[in-house]
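This is protein.txt (compact mmCIF, C-alpha atoms and all ligand atoms).
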```txt
# COMPACT_ATOMS: atom_id res chain seq x y z
CA MET R 1 63.13 144.90 94.55
CA SER R 2 60.07 146.51 96.17
CA ASP R 3 60.29 149.39 98.63
CA THR R 4 59.03 147.30 101.51
CA MET R 5 61.87 144.81 101.13
CA PRO R 6 64.81 145.24 103.46
CA HIS R 7 67.99 146.26 101.68
CA LEU R 8 70.81 143.79 101.61
CA ALA R 9 74.12 144.92 103.12
CA LEU R 10 77.22 142.75 102.94
CA HIS R 11 80.74 142.97 104.30
CA ASP R 12 83.18 143.58 101.47
CA SER R 13 86.65 142.14 102.02
CA ARG R 14 88.26 144.72 99.73
CA SER R 15 86.93 147.84 101.50
CA ARG R 16 86.75 145.96 104.85
CA LYS R 17 83.35 147.54 105.49
CA ILE R 18 79.71 146.52 105.45
CA VAL R 19 78.28 148.20 102.38
CA PRO R 20 74.87 148.20 100.68
CA PHE R 21 74.70 145.58 97.97
CA VAL R 22 73.98 147.26 94.63
CA PRO R 23 73.77 144.81 91.74
CA LEU R 24 75.41 145.70 88.42
CA ASP R 25 72.26 144.40 86.72
CA PRO R 26 69.24 143.92 89.04
CA GLY R 27 67.77 141.69 86.33
CA ASN R 28 70.62 139.18 86.71
CA VAL R 29 72.75 139.11 89.85
CA ARG R 30 76.01 137.27 89.10
CA VAL R 31 77.90 135.33 91.75
CA TYR R 32 81.06 133.19 91.68
CA PHE R 33 82.33 130.95 94.48
CA CYS R 34 85.46 128.82 94.34
CA GLY R 35 84.47 125.17 94.46
CA PRO R 36 86.28 122.01 95.53
CA THR R 37 89.55 120.48 94.40
CA VAL R 38 88.28 116.98 93.82
CA TYR R 39 90.68 114.48 95.38
CA ASP R 40 88.98 113.63 98.68
CA LEU R 41 85.67 113.72 100.53
CA ALA R 42 84.38 117.16 101.59
CA HIS R 43 85.13 118.01 105.22
CA ILE R 44 82.93 120.16 107.43
CA GLY R 45 85.20 123.19 106.89
CA ASN R 46 84.55 122.94 103.14
CA LEU R 47 80.88 122.58 103.94
CA ARG R 48 80.82 125.83 105.88
CA ALA R 49 81.94 127.76 102.78
CA MET R 50 79.33 125.98 100.66
CA VAL R 51 76.54 126.72 103.18
CA THR R 52 77.59 130.39 103.31
CA ALA R 53 77.29 130.59 99.52
CA ASP R 54 73.95 128.78 99.68
CA ILE R 55 72.48 131.25 102.21
CA LEU R 56 73.73 134.19 100.15
CA VAL R 57 72.15 132.79 96.99
CA LEU R 58 68.86 131.98 98.80
CA VAL R 59 68.66 135.58 100.05
CA LEU R 60 69.55 136.99 96.62
CA ARG R 61 66.93 134.80 94.94
CA HIS R 62 64.38 136.07 97.45
CA LEU R 63 65.23 139.68 96.60
CA TYR R 64 65.96 139.56 92.87
CA PRO R 65 64.19 137.89 89.95
CA ARG R 66 67.29 136.16 88.61
CA VAL R 67 70.63 135.07 90.05
CA THR R 68 73.39 133.33 88.11
CA TYR R 69 75.49 131.35 90.53
CA VAL R 70 78.72 129.77 89.26
CA ARG R 71 80.80 127.40 91.36
CA ASN R 72 83.75 125.70 89.71
CA ILE R 73 85.29 122.28 90.10
CA THR R 74 89.10 122.11 90.21
CA ASP R 75 89.82 118.81 88.50
CA VAL R 76 93.46 119.39 87.56
CA ASP R 77 95.80 119.84 90.50
CA ASP R 78 98.99 118.37 91.96
CA LYS R 79 97.04 117.00 94.94
CA ILE R 80 94.77 115.09 92.55
CA ASN R 81 97.76 113.67 90.69
CA ALA R 82 99.42 112.60 93.95
CA ARG R 83 96.27 110.99 95.36
CA ALA R 84 95.53 109.07 92.16
CA ARG R 85 99.07 107.68 92.22
CA GLU R 86 98.73 106.77 95.92
CA ASN R 87 95.42 105.01 95.27
CA GLY R 88 96.72 103.36 92.10
CA GLU R 89 93.68 104.55 90.19
CA PRO R 90 93.20 106.63 87.03
CA ILE R 91 92.83 110.37 87.66
CA ALA R 92 89.49 110.43 85.82
CA ALA R 93 88.10 107.74 88.14
CA LEU R 94 89.24 109.64 91.25
CA THR R 95 87.78 112.96 90.12
CA ALA R 96 84.49 111.43 88.89
CA ARG R 97 83.96 109.62 92.21
CA THR R 98 84.89 112.66 94.28
CA ILE R 99 82.55 114.93 92.31
CA ARG R 100 79.70 112.44 92.78
CA ASP R 101 80.38 112.21 96.53
CA PHE R 102 80.59 116.00 96.80
CA HIS R 103 77.22 116.43 95.09
CA GLU R 104 75.65 113.80 97.34
CA ASP R 105 77.01 115.37 100.53
CA LEU R 106 75.85 118.85 99.58
CA ALA R 107 72.41 117.64 98.53
CA ALA R 108 72.08 115.83 101.89
CA VAL R 109 72.46 119.13 103.76
CA GLY R 110 70.05 120.88 101.42
CA ILE R 111 72.59 122.91 99.44
CA LEU R 112 71.17 123.79 96.04
CA PRO R 113 73.33 123.16 92.98
CA PRO R 114 74.88 126.17 91.22
CA ASP R 115 73.47 127.31 87.88
CA VAL R 116 76.79 126.58 86.19
CA GLU R 117 79.42 124.20 87.55
CA PRO R 118 82.36 124.54 85.16
CA ARG R 119 85.27 122.12 85.34
CA ALA R 120 88.80 123.41 84.91
CA THR R 121 89.77 120.69 82.42
CA HIS R 122 86.92 121.75 80.13
CA HIS R 123 88.22 125.33 79.97
CA ILE R 124 91.91 124.97 79.11
CA GLY R 125 91.36 126.93 75.86
CA GLU R 126 90.00 129.93 77.77
CA MET R 127 92.99 129.78 80.13
CA LEU R 128 95.47 129.64 77.23
CA ASP R 129 93.80 132.68 75.66
CA MET R 130 94.11 134.65 78.88
CA ILE R 131 97.74 133.65 79.38
CA ALA R 132 98.58 134.75 75.82
CA ARG R 133 96.90 138.12 76.44
CA LEU R 134 98.80 138.57 79.69
CA ILE R 135 102.12 137.89 77.94
CA ALA R 136 101.21 140.29 75.10
CA GLY R 137 100.31 142.97 77.65
CA GLY R 138 103.62 142.61 79.49
CA HIS R 139 102.02 141.08 82.60
CA ALA R 140 103.45 137.59 82.22
CA TYR R 141 106.66 136.01 80.97
CA GLU R 142 107.92 132.62 79.91
CA ALA R 143 110.83 131.00 81.71
CA GLN R 144 112.03 127.39 81.51
CA GLY R 145 108.73 126.07 80.15
CA HIS R 146 106.77 127.96 82.81
CA VAL R 147 104.66 131.05 82.31
CA LEU R 148 104.64 133.34 85.32
CA PHE R 149 102.54 136.33 86.22
CA ALA R 150 104.75 139.36 86.99
CA VAL R 151 103.27 140.85 90.16
CA SER R 152 105.30 144.04 89.67
CA SER R 153 103.23 144.72 86.53
CA PHE R 154 100.06 145.28 88.56
CA ALA R 155 100.32 148.30 90.84
CA ALA R 156 97.32 147.27 92.95
CA TYR R 157 98.75 143.84 93.76
CA GLY R 158 98.16 143.12 97.46
CA ALA R 159 95.35 145.66 97.88
CA LEU R 160 92.56 143.10 98.09
CA SER R 161 94.14 141.13 100.93
CA GLY R 162 95.68 144.25 102.47
CA ARG R 163 99.27 143.16 102.07
CA SER R 164 102.11 145.53 101.32
CA PRO R 165 104.78 144.52 98.79
CA ASP R 166 107.20 144.06 101.74
CA ASP R 167 104.85 141.61 103.44
CA LEU R 168 104.59 139.76 100.19
CA LEU R 169 108.35 139.46 99.78
CA ALA R 170 108.77 138.37 103.37
CA GLY R 171 105.84 135.97 103.12
CA ALA R 172 106.81 132.41 103.85
CA ARG R 173 104.03 131.21 101.57
CA VAL R 174 105.63 132.29 98.33
CA GLU R 175 107.54 129.57 96.60
CA ILE R 176 111.09 130.50 95.66
CA ALA R 177 112.15 129.25 92.25
CA PRO R 178 115.17 130.17 90.11
CA TYR R 179 113.06 131.03 87.06
CA LYS R 180 111.04 133.71 88.88
CA ARG R 181 111.94 137.36 88.31
CA ASP R 182 110.26 138.27 91.57
CA ALA R 183 109.62 135.96 94.52
CA GLY R 184 105.91 136.82 94.46
CA ASP R 185 105.44 135.89 90.79
CA PHE R 186 103.07 132.97 90.42
CA VAL R 187 102.58 130.18 87.92
CA LEU R 188 100.04 130.49 85.12
CA TRP R 189 101.30 127.47 83.17
CA LYS R 190 103.85 124.78 83.95
CA PRO R 191 105.40 121.85 82.10
CA SER R 192 103.83 118.43 82.57
CA ASP R 193 105.61 115.08 82.57
CA PRO R 194 104.36 112.60 79.96
CA ASP R 195 102.62 110.52 82.66
CA LEU R 196 100.72 113.53 84.05
CA PRO R 197 97.76 115.42 82.56
CA GLY R 198 98.90 117.96 80.00
CA TRP R 199 97.73 120.02 77.07
CA GLU R 200 99.62 121.38 74.07
CA SER R 201 100.35 125.09 74.33
CA PRO R 202 102.61 127.70 72.70
CA TRP R 203 104.95 127.07 75.69
CA GLY R 204 105.05 123.31 75.33
CA ARG R 205 102.94 120.52 76.78
CA GLY R 206 101.83 121.58 80.23
CA ARG R 207 99.05 122.22 82.66
CA PRO R 208 97.63 125.35 84.28
CA GLY R 209 98.49 126.78 87.68
CA TRP R 210 95.51 126.86 90.02
CA HIS R 211 94.55 130.55 90.00
CA ILE R 212 94.05 131.08 86.27
CA GLU R 213 91.08 128.70 86.07
CA CYS R 214 88.77 130.89 88.17
CA SER R 215 89.68 134.00 86.16
CA ALA R 216 88.99 132.15 82.91
CA MET R 217 85.75 130.49 83.99
CA SER R 218 84.23 133.52 85.73
CA HIS R 219 84.96 135.55 82.59
CA ARG R 220 83.35 132.94 80.37
CA TYR R 221 80.12 132.70 82.39
CA LEU R 222 79.81 136.06 84.17
CA GLY R 223 81.76 138.56 82.07
CA GLU R 224 84.50 141.09 82.81
CA SER R 225 82.60 142.46 85.83
CA PHE R 226 80.25 140.57 88.08
CA ASP R 227 78.65 141.15 91.45
CA ILE R 228 80.04 138.89 94.16
CA HIS R 229 83.05 136.61 94.46
CA GLY R 230 83.37 134.48 97.55
CA GLY R 231 85.07 131.63 99.32
CA GLY R 232 86.75 130.70 102.57
CA SER R 233 89.07 133.26 104.19
CA ASP R 234 92.00 130.96 103.38
CA LEU R 235 91.43 131.81 99.70
CA LEU R 236 91.85 135.57 100.11
CA PHE R 237 95.61 135.30 99.68
CA PRO R 238 97.12 134.20 97.42
CA HIS R 239 94.26 132.70 95.39
CA HIS R 240 91.85 135.63 95.16
CA GLU R 241 94.59 138.25 95.05
CA ASN R 242 96.06 136.40 92.07
CA GLU R 243 92.70 135.92 90.34
CA LEU R 244 92.05 139.65 90.64
CA ALA R 245 95.49 140.59 89.30
CA GLN R 246 95.17 138.28 86.28
CA SER R 247 91.65 139.37 85.43
CA GLN R 248 92.25 143.10 85.82
CA CYS R 249 95.41 142.96 83.72
CA CYS R 250 93.66 140.90 81.05
CA PHE R 251 90.45 142.95 80.98
CA PRO R 252 91.39 146.42 82.25
CA HIS R 253 87.94 147.85 81.55
CA GLY R 254 86.26 145.34 83.82
CA ARG R 255 86.22 145.34 87.57
CA PHE R 256 86.30 141.54 88.00
CA ALA R 257 84.31 141.12 91.23
CA ASN R 258 82.48 144.17 92.51
CA HIS R 259 82.15 142.71 95.97
CA TRP R 260 84.25 140.13 97.83
CA MET R 261 83.02 137.95 100.65
CA HIS R 262 84.95 135.47 102.78
CA ASN R 263 83.74 133.14 105.49
CA ALA R 264 85.82 132.54 108.60
CA MET R 265 87.28 129.17 109.46
CA LEU R 266 85.69 126.32 111.35
CA LEU R 267 87.32 124.83 114.45
CA VAL R 268 86.58 121.42 115.93
CA ASP R 269 86.51 121.42 119.73
CA GLY R 270 88.38 124.72 119.70
CA GLU R 271 91.23 123.53 117.50
CA LYS R 272 92.07 123.80 113.85
CA MET R 273 90.92 120.64 112.11
CA SER R 274 93.79 118.41 111.06
CA LYS R 275 94.35 114.77 110.28
CA SER R 276 97.28 114.66 112.72
CA LEU R 277 95.15 115.92 115.63
CA GLY R 278 92.55 113.26 114.89
CA ASN R 279 89.76 115.87 114.81
CA PHE R 280 89.35 115.82 111.04
CA LEU R 281 85.68 115.33 110.16
CA THR R 282 84.26 114.69 106.73
CA VAL R 283 80.64 115.56 106.06
CA ARG R 284 79.96 111.81 105.92
CA ASP R 285 81.55 111.23 109.32
CA VAL R 286 79.04 113.64 110.83
CA LEU R 287 76.01 112.47 108.85
CA ARG R 288 76.56 108.87 109.90
CA ASP R 289 74.83 109.54 113.22
CA THR R 290 73.30 113.00 112.85
CA PRO R 291 70.36 114.25 110.80
CA ALA R 292 71.71 116.40 107.97
CA GLU R 293 69.43 119.26 108.91
CA ALA R 294 71.04 119.47 112.36
CA LEU R 295 74.47 119.84 110.74
CA ARG R 296 73.13 122.60 108.49
CA LEU R 297 71.60 124.38 111.47
CA LEU R 298 74.84 124.11 113.46
CA LEU R 299 76.72 125.80 110.62
CA LEU R 300 74.28 128.72 110.87
CA HIS R 301 74.83 129.18 114.63
CA ALA R 302 77.64 131.65 113.92
CA GLN R 303 77.50 134.51 111.44
CA TYR R 304 79.71 133.57 108.50
CA ARG R 305 82.48 136.05 109.37
CA SER R 306 82.90 134.65 112.90
CA VAL R 307 84.95 131.57 113.64
CA LEU R 308 82.59 128.64 114.19
CA ASN R 309 83.48 126.05 116.80
CA PHE R 310 82.07 122.65 115.93
CA THR R 311 81.36 120.43 118.94
CA ARG R 312 79.24 117.35 119.51
CA ALA R 313 77.35 119.33 122.17
CA GLY R 314 76.59 122.00 119.60
CA LEU R 315 75.31 119.35 117.24
CA ALA R 316 73.02 117.92 119.95
CA GLU R 317 71.77 121.42 120.67
CA ALA R 318 71.03 121.96 116.97
CA LYS R 319 69.01 118.76 116.95
CA GLN R 320 67.04 119.91 120.02
CA THR R 321 66.36 123.24 118.33
CA LEU R 322 64.95 121.39 115.33
CA ASP R 323 62.82 119.19 117.62
CA ARG R 324 61.41 122.38 119.08
CA PHE R 325 60.85 124.06 115.69
CA TYR R 326 59.14 120.97 114.26
CA ARG R 327 56.91 120.72 117.35
CA ALA R 328 56.03 124.39 116.90
CA LEU R 329 55.08 123.84 113.24
CA GLY R 330 52.18 121.70 114.43
CA ASP R 331 49.75 121.20 111.56
CA VAL R 332 50.92 123.96 109.21
CA PRO R 333 50.42 122.37 105.77
CA ALA R 334 53.73 121.27 104.24
CA ASP R 335 52.98 123.22 101.05
CA ALA R 336 52.02 126.48 102.81
CA GLN R 337 53.61 129.44 101.04
CA GLY R 338 53.45 132.13 103.71
CA PRO R 339 55.59 135.27 103.61
CA VAL R 340 58.97 135.27 105.38
CA PRO R 341 58.51 137.34 108.57
CA GLU R 342 60.15 140.73 108.22
CA PRO R 343 62.48 140.45 111.27
CA VAL R 344 63.97 137.21 109.87
CA LEU R 345 64.53 138.75 106.45
CA ALA R 346 65.99 141.89 108.05
CA ALA R 347 68.49 139.76 110.00
CA LEU R 348 69.56 137.92 106.85
CA CYS R 349 69.87 141.18 104.92
CA ASP R 350 72.18 142.46 107.67
CA ASP R 351 75.29 140.73 106.31
CA LEU R 352 73.64 137.29 106.50
CA ASN R 353 73.18 137.43 110.26
CA THR R 354 72.00 133.85 110.67
CA PRO R 355 72.26 133.74 114.51
CA ARG R 356 69.86 136.67 114.69
CA ALA R 357 67.54 135.01 112.16
CA LEU R 358 67.57 131.87 114.33
CA ALA R 359 66.80 133.96 117.44
CA GLU R 360 63.80 135.42 115.57
CA MET R 361 62.74 131.89 114.67
CA HIS R 362 62.89 130.91 118.35
CA ALA R 363 60.61 133.87 119.12
CA LEU R 364 58.19 132.67 116.43
CA ALA R 365 58.35 129.15 117.88
CA ASP R 366 57.47 130.55 121.34
CA ARG R 367 54.34 132.11 119.93
CA ALA R 368 53.50 129.09 117.78
CA LEU R 369 53.80 126.76 120.78
CA ALA R 370 51.39 129.07 122.62
CA GLY R 371 48.85 128.45 119.85
CA ASP R 372 49.55 131.26 117.35
CA GLY R 373 48.98 129.70 113.91
CA GLU R 374 50.29 132.71 112.03
CA ALA R 375 53.59 132.46 113.91
CA ALA R 376 53.79 128.76 113.03
CA ALA R 377 53.33 129.60 109.34
CA GLY R 378 55.95 132.35 109.66
CA LEU R 379 58.36 129.90 111.28
CA GLN R 380 57.94 127.50 108.39
CA ALA R 381 58.49 130.24 105.80
CA ALA R 382 61.58 131.45 107.69
CA GLY R 383 62.94 127.90 107.85
CA ARG R 384 62.41 127.29 104.13
CA MET R 385 64.13 130.59 103.38
CA ILE R 386 67.38 129.28 104.90
CA GLY R 387 67.01 125.68 103.79
CA LEU R 388 65.60 124.28 107.06
CA LEU R 389 62.25 122.72 108.04
CA ARG R 390 61.98 121.04 104.66
CA GLN R 391 60.31 117.95 106.12
CA THR R 392 56.96 117.49 107.83
CA PRO R 393 57.10 117.21 111.65
CA ASP R 394 56.07 113.60 111.18
CA GLU R 395 59.02 112.83 108.91
CA TRP R 396 61.42 114.63 111.21
CA PHE R 397 60.39 112.83 114.37
CA ARG R 398 60.29 109.43 112.70
CA ALA R 399 63.74 109.83 111.15
CA GLY R 400 64.96 111.52 114.30
CA ALA R 401 64.33 108.44 116.42
CA ASP R 402 67.73 107.48 117.70
CA VAL R 403 69.17 104.89 115.39
CA ASP R 404 71.26 102.30 117.13
CA SER R 405 74.38 102.04 115.00
CA ALA R 406 75.42 98.75 116.64
CA ALA R 407 72.11 97.23 115.55
CA ILE R 408 72.67 98.51 112.01
CA ASP R 409 76.17 97.06 111.93
CA ALA R 410 74.74 93.72 113.11
CA LEU R 411 72.18 93.78 110.29
CA ILE R 412 74.92 94.61 107.77
CA ALA R 413 76.90 91.60 109.03
CA ASP R 414 73.77 89.39 108.72
CA ARG R 415 73.27 90.63 105.17
CA LEU R 416 76.88 89.87 104.27
CA ALA R 417 76.48 86.37 105.69
CA ALA R 418 73.24 85.91 103.74
CA ARG R 419 74.95 86.98 100.53
CA LYS R 420 77.87 84.62 101.12
CA ALA R 421 75.31 81.85 101.60
CA ARG R 422 73.68 83.01 98.34
CA ASP R 423 70.48 83.75 100.25
CA PHE R 424 69.76 86.87 98.23
CA ALA R 425 66.13 87.08 99.30
CA ARG R 426 67.25 87.42 102.93
CA ALA R 427 69.97 89.95 101.96
CA ASP R 428 67.43 92.04 100.06
CA ALA R 429 64.97 91.85 102.95
CA ILE R 430 67.61 93.27 105.32
CA ARG R 431 68.38 96.09 102.88
CA ALA R 432 64.63 96.86 102.68
CA GLU R 433 64.26 96.73 106.46
CA LEU R 434 67.06 99.29 106.86
CA ALA R 435 65.62 101.45 104.07
CA ASP R 436 62.38 101.61 106.04
CA LEU R 437 64.41 103.04 108.93
CA GLY R 438 65.83 105.65 106.57
CA ILE R 439 69.21 103.91 106.33
CA ILE R 440 70.83 103.58 102.92
CA LEU R 441 73.52 100.94 102.40
CA GLU R 442 76.46 101.54 100.11
CA ASP R 443 78.54 98.62 98.92
CA GLY R 444 82.10 99.63 98.13
CA PRO R 445 85.45 97.94 97.53
CA THR R 446 86.26 98.04 101.27
CA GLY R 447 82.89 96.75 102.48
CA THR R 448 79.45 98.11 103.16
CA SER R 449 78.87 101.50 104.74
CA TRP R 450 75.62 103.19 105.63
CA ARG R 451 74.15 106.64 105.78
CA ARG R 452 70.83 108.26 106.43
CA ALA R 453 68.56 108.78 103.45
ZN ZN B 1 88.95 130.40 92.68
```
In structure tokens, how does this file's structure come out?
Amino acid sequence: MSDTMPHLALHDSRSRKIVPFVPLDPGNVRVYFCGPTVYDLAHIGNLRAMVTADILVLVLRHLYPRVTYVRNITDVDDKINARARENGEPIAALTARTIRDFHEDLAAVGILPPDVEPRATHHIGEMLDMIARLIAGGHAYEAQGHVLFAVSSFAAYGALSGRSPDDLLAGARVEIAPYKRDAGDFVLWKPSDPDLPGWESPWGRGRPGWHIECSAMSHRYLGESFDIHGGGSDLLFPHHENELAQSQCCFPHGRFANHWMHNAMLLVDGEKMSKSLGNFLTVRDVLRDTPAEALRLLLLHAQYRSVLNFTRAGLAEAKQTLDRFYRALGDVPADAQGPVPEPVLAALCDDLNTPRALAEMHALADRALAGDGEAAAGLQAAGRMIGLLRQTPDEWFRAGADVDSAAIDALIADRLAARKARDFARADAIRAELADLGIILEDGPTGTSWRRA
């Protein structure tokens, strides 16, 4: 990192302060974020956590020569088992489809893939090793086919999330079970019925609890100590508290994560998103009639530690902002590699202050629209830095033309009719016509859906 570069400062959930980021090894900054449990499409709350991680990694890559970013996939979980049964489909089919959809949705909003994307089911051996070590060290015990972590064996339990042992005992979120020594003890391993996924273990055929996978996979790919661990604020307790306890008890010389970051929740129209309120939005729901870049921009309107309120008006505003930015780019060559303007970088280095970075980009756009070519180049570099302005103005305005979804639905119906009539040339011509408009058709078991390219 050169002396002229701004220094990155990040809020640390453990110390509850904004502190300078000091990498353990400046030659390889190591980051772990908890990834999806793959049983359903990603919703826009999930997306916020993924965009936060993406911005962090983009900034780190700008500042340091190498970053190793690990984001896991939870592919063994009770919710997966339940959904597969509900759908009447094999678990492997459900998880494979959900992983594919997740990758597609993230790519659409310009989120770069992690360097390593480990799957829980491919790391059962590492989990079993850790559990055995925890038992040997007196931090875990076997009871009725379960292996439980004994929270009383780790004096610092609760410190990360700032909970006292009394809070923990009174917490309504701990599951009471007769085989637990302490109400706060959590499952490392549990028995599996013959019709559910299971692996042989010294404690019988079973499957892991959720928390142990992240401890095992971060250790495998990042070591006993790594730089940053992150996720949504809903993961702070119990998930991250439990990961920390397991890892510190297993590898007492390591520090596990040096720095913890958590993004705040996303509301929809001022309310918590829920299926029962009817305000539950998947990424696909939003992308059906909105350019993906506008959704990405909207998620950057609030700094990651502030609650973000998603509204349709906010989405329209994000689209207008992009119209303005793309107009301001004018004829800056698409492959220009200008430096990121210092005020934008300084805002991002100030605990990823994306609203301030966007305000700086508006100031650059003002100057660019007044004819300042250097400001236009700076705007493009700033946009690229945070995964925006990746198209040419021409591409943006063409794709941004309002697509009439009723007209698309009518064409889909025509295509279906053509296929029924075995007029495949006509069906293919309709698909090609829509592709020219940037509309991709997807034929599935329940019919044909569409999305923007
Ligand atoms: Zn995790």
- Query: Neighbours of stretch 339-353 of chain R within 8 Å (all atoms listed in the file; same-chain residues fewer than 2 positions away dropped), as an MDAnalysis selection string?
  - Reply: chainID R and resid 6:11 18 55:56 59 303:304 337 355:358 360:361 378:379 381:382 385
- Task: Within 10 Å of ligand ZN 1 (chain B), which residues show up when you count only C-alpha atoms and all ligand atoms? List them as a PyMOL selection string, please.
- Result: chain R and resi 32-36+71-74+210-218+229-231+235-236+239-244
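The two atoms in question, atom CA of R:Leu329 and atom CA of R:Asp404, are spaced 27.2 Å apart.
Nearest to R:Ala96 of all the residues R:Ile131, R:Leu41, R:Ala156, R:Ile440 is R:Leu41, counting all atoms listed in the file.
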- Task: Using atom CA of R:Leu160 and atom CA of R:Arg305 as the two end points, give the distance in Å to one decimal.
- Result: 16.7 Å
- Query: Mind pulling up the distance from atom CA of R:Asn46 to atom CA of R:Leu322?
  - Reply: 23.1 Å
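Nearest residue to R:Gln248 among R:Gly383, R:Gly438, R:Gly137, R:Pro113 is R:Gly137, counting all atoms listed in the file.
Proximity to R:Ile412 was assessed for R:Met130, R:Leu441, R:Val22, R:Ala432 counting all atoms listed in the file; the smallest distance is recorded for R:Leu441.
Excluding R:Leu295 itself and same-chain residues fewer than 2 positions from it, the residues having an atom within 8 Å of it are Val109, Val286, Leu287, Thr290, Pro291, Ala292, Glu293, Leu297, Leu298, Leu299, Leu315 and Ala318 of chain R, counting only C-alpha atoms.
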- Query: Restricting the calculation to all atoms listed in the file, which member of R:Met261, R:Ile439, R:Gly158, R:Arg327 is positioned closest to R:Lys17?
  - Reply: R:Met261
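Residues surrounding R:Tyr221 within 10 Å are Arg30, Val31, Tyr32, Thr68, Tyr69, Val70, Val116, Glu117, Pro118, Ala216, Met217, Ser218, Glu224 and Phe226 of chain R [all atoms listed in the file; sequence separation below 3 positions excluded].
Proximity to R:Thr392 was assessed for R:Met50, R:Val332, R:Ala316, R:Ala294 counting all atoms listed in the file; the smallest distance is recorded for R:Val332.
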- Starting from the point (104.2, 134.0, 85.1), work out which residues of protein, DNA or RNA have an atom no more than 7 Å away when counting all atoms listed in the file; state them as a ChimeraX atom specification. /R:140-142,146-150,185-188
- Residue among R:Ala418, R:Leu364, R:Ala183, R:Ile124 lying closest to R:Arg220, counting only C-alpha atoms: R:Ile124
- Task: Scan for residues within 9 Å of the point (89.8, 120.0, 113.6) in the coordinates of the file, using only C-alpha atoms, and reply as an NGL selection string.
- Result: :R and (45 or 266-275 or 277-281 or 310)
Keeping only C-alpha atoms, take the residues you just selected and write them out as a tab-separated table (two decimals), keeping the file's coordinate frame.
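Contents of the output file out28.tsv:
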```tsv
chain	number	residue	atom	x	y	z
R	45	GLY	CA	85.20	123.19	106.89
R	266	LEU	CA	85.69	126.32	111.35
R	267	LEU	CA	87.32	124.83	114.45
R	268	VAL	CA	86.58	121.42	115.93
R	269	ASP	CA	86.51	121.42	119.73
R	270	GLY	CA	88.38	124.72	119.70
R	271	GLU	CA	91.23	123.53	117.50
R	272	LYS	CA	92.07	123.80	113.85
R	273	MET	CA	90.92	120.64	112.11
R	274	SER	CA	93.79	118.41	111.06
R	275	LYS	CA	94.35	114.77	110.28
R	277	LEU	CA	95.15	115.92	115.63
R	278	GLY	CA	92.55	113.26	114.89
R	279	ASN	CA	89.76	115.87	114.81
R	280	PHE	CA	89.35	115.82	111.04
R	281	LEU	CA	85.68	115.33	110.16
R	310	PHE	CA	82.07	122.65	115.93
```
- Message: List as a list in words the protein and nucleic acid residues near R:Gly314, meaning an atom at most 9 Å away when only C-alpha atoms are counted, but skip any in the same chain fewer than 5 places from it.
- Response: Leu298, His301, Asn309 and Lys319 of chain R
Output as lines of an AutoDock Vina configuration file the centre and edge lengths (Å, one decimal) of the box along x, y and z of the file that holds every listed atom of stretch 352-366 of chain R after adding 8 Å on each side.
```
center_x = 65.6
center_y = 133.3
center_z = 113.9
size_x = 32.2
size_y = 24.3
size_z = 30.8
```
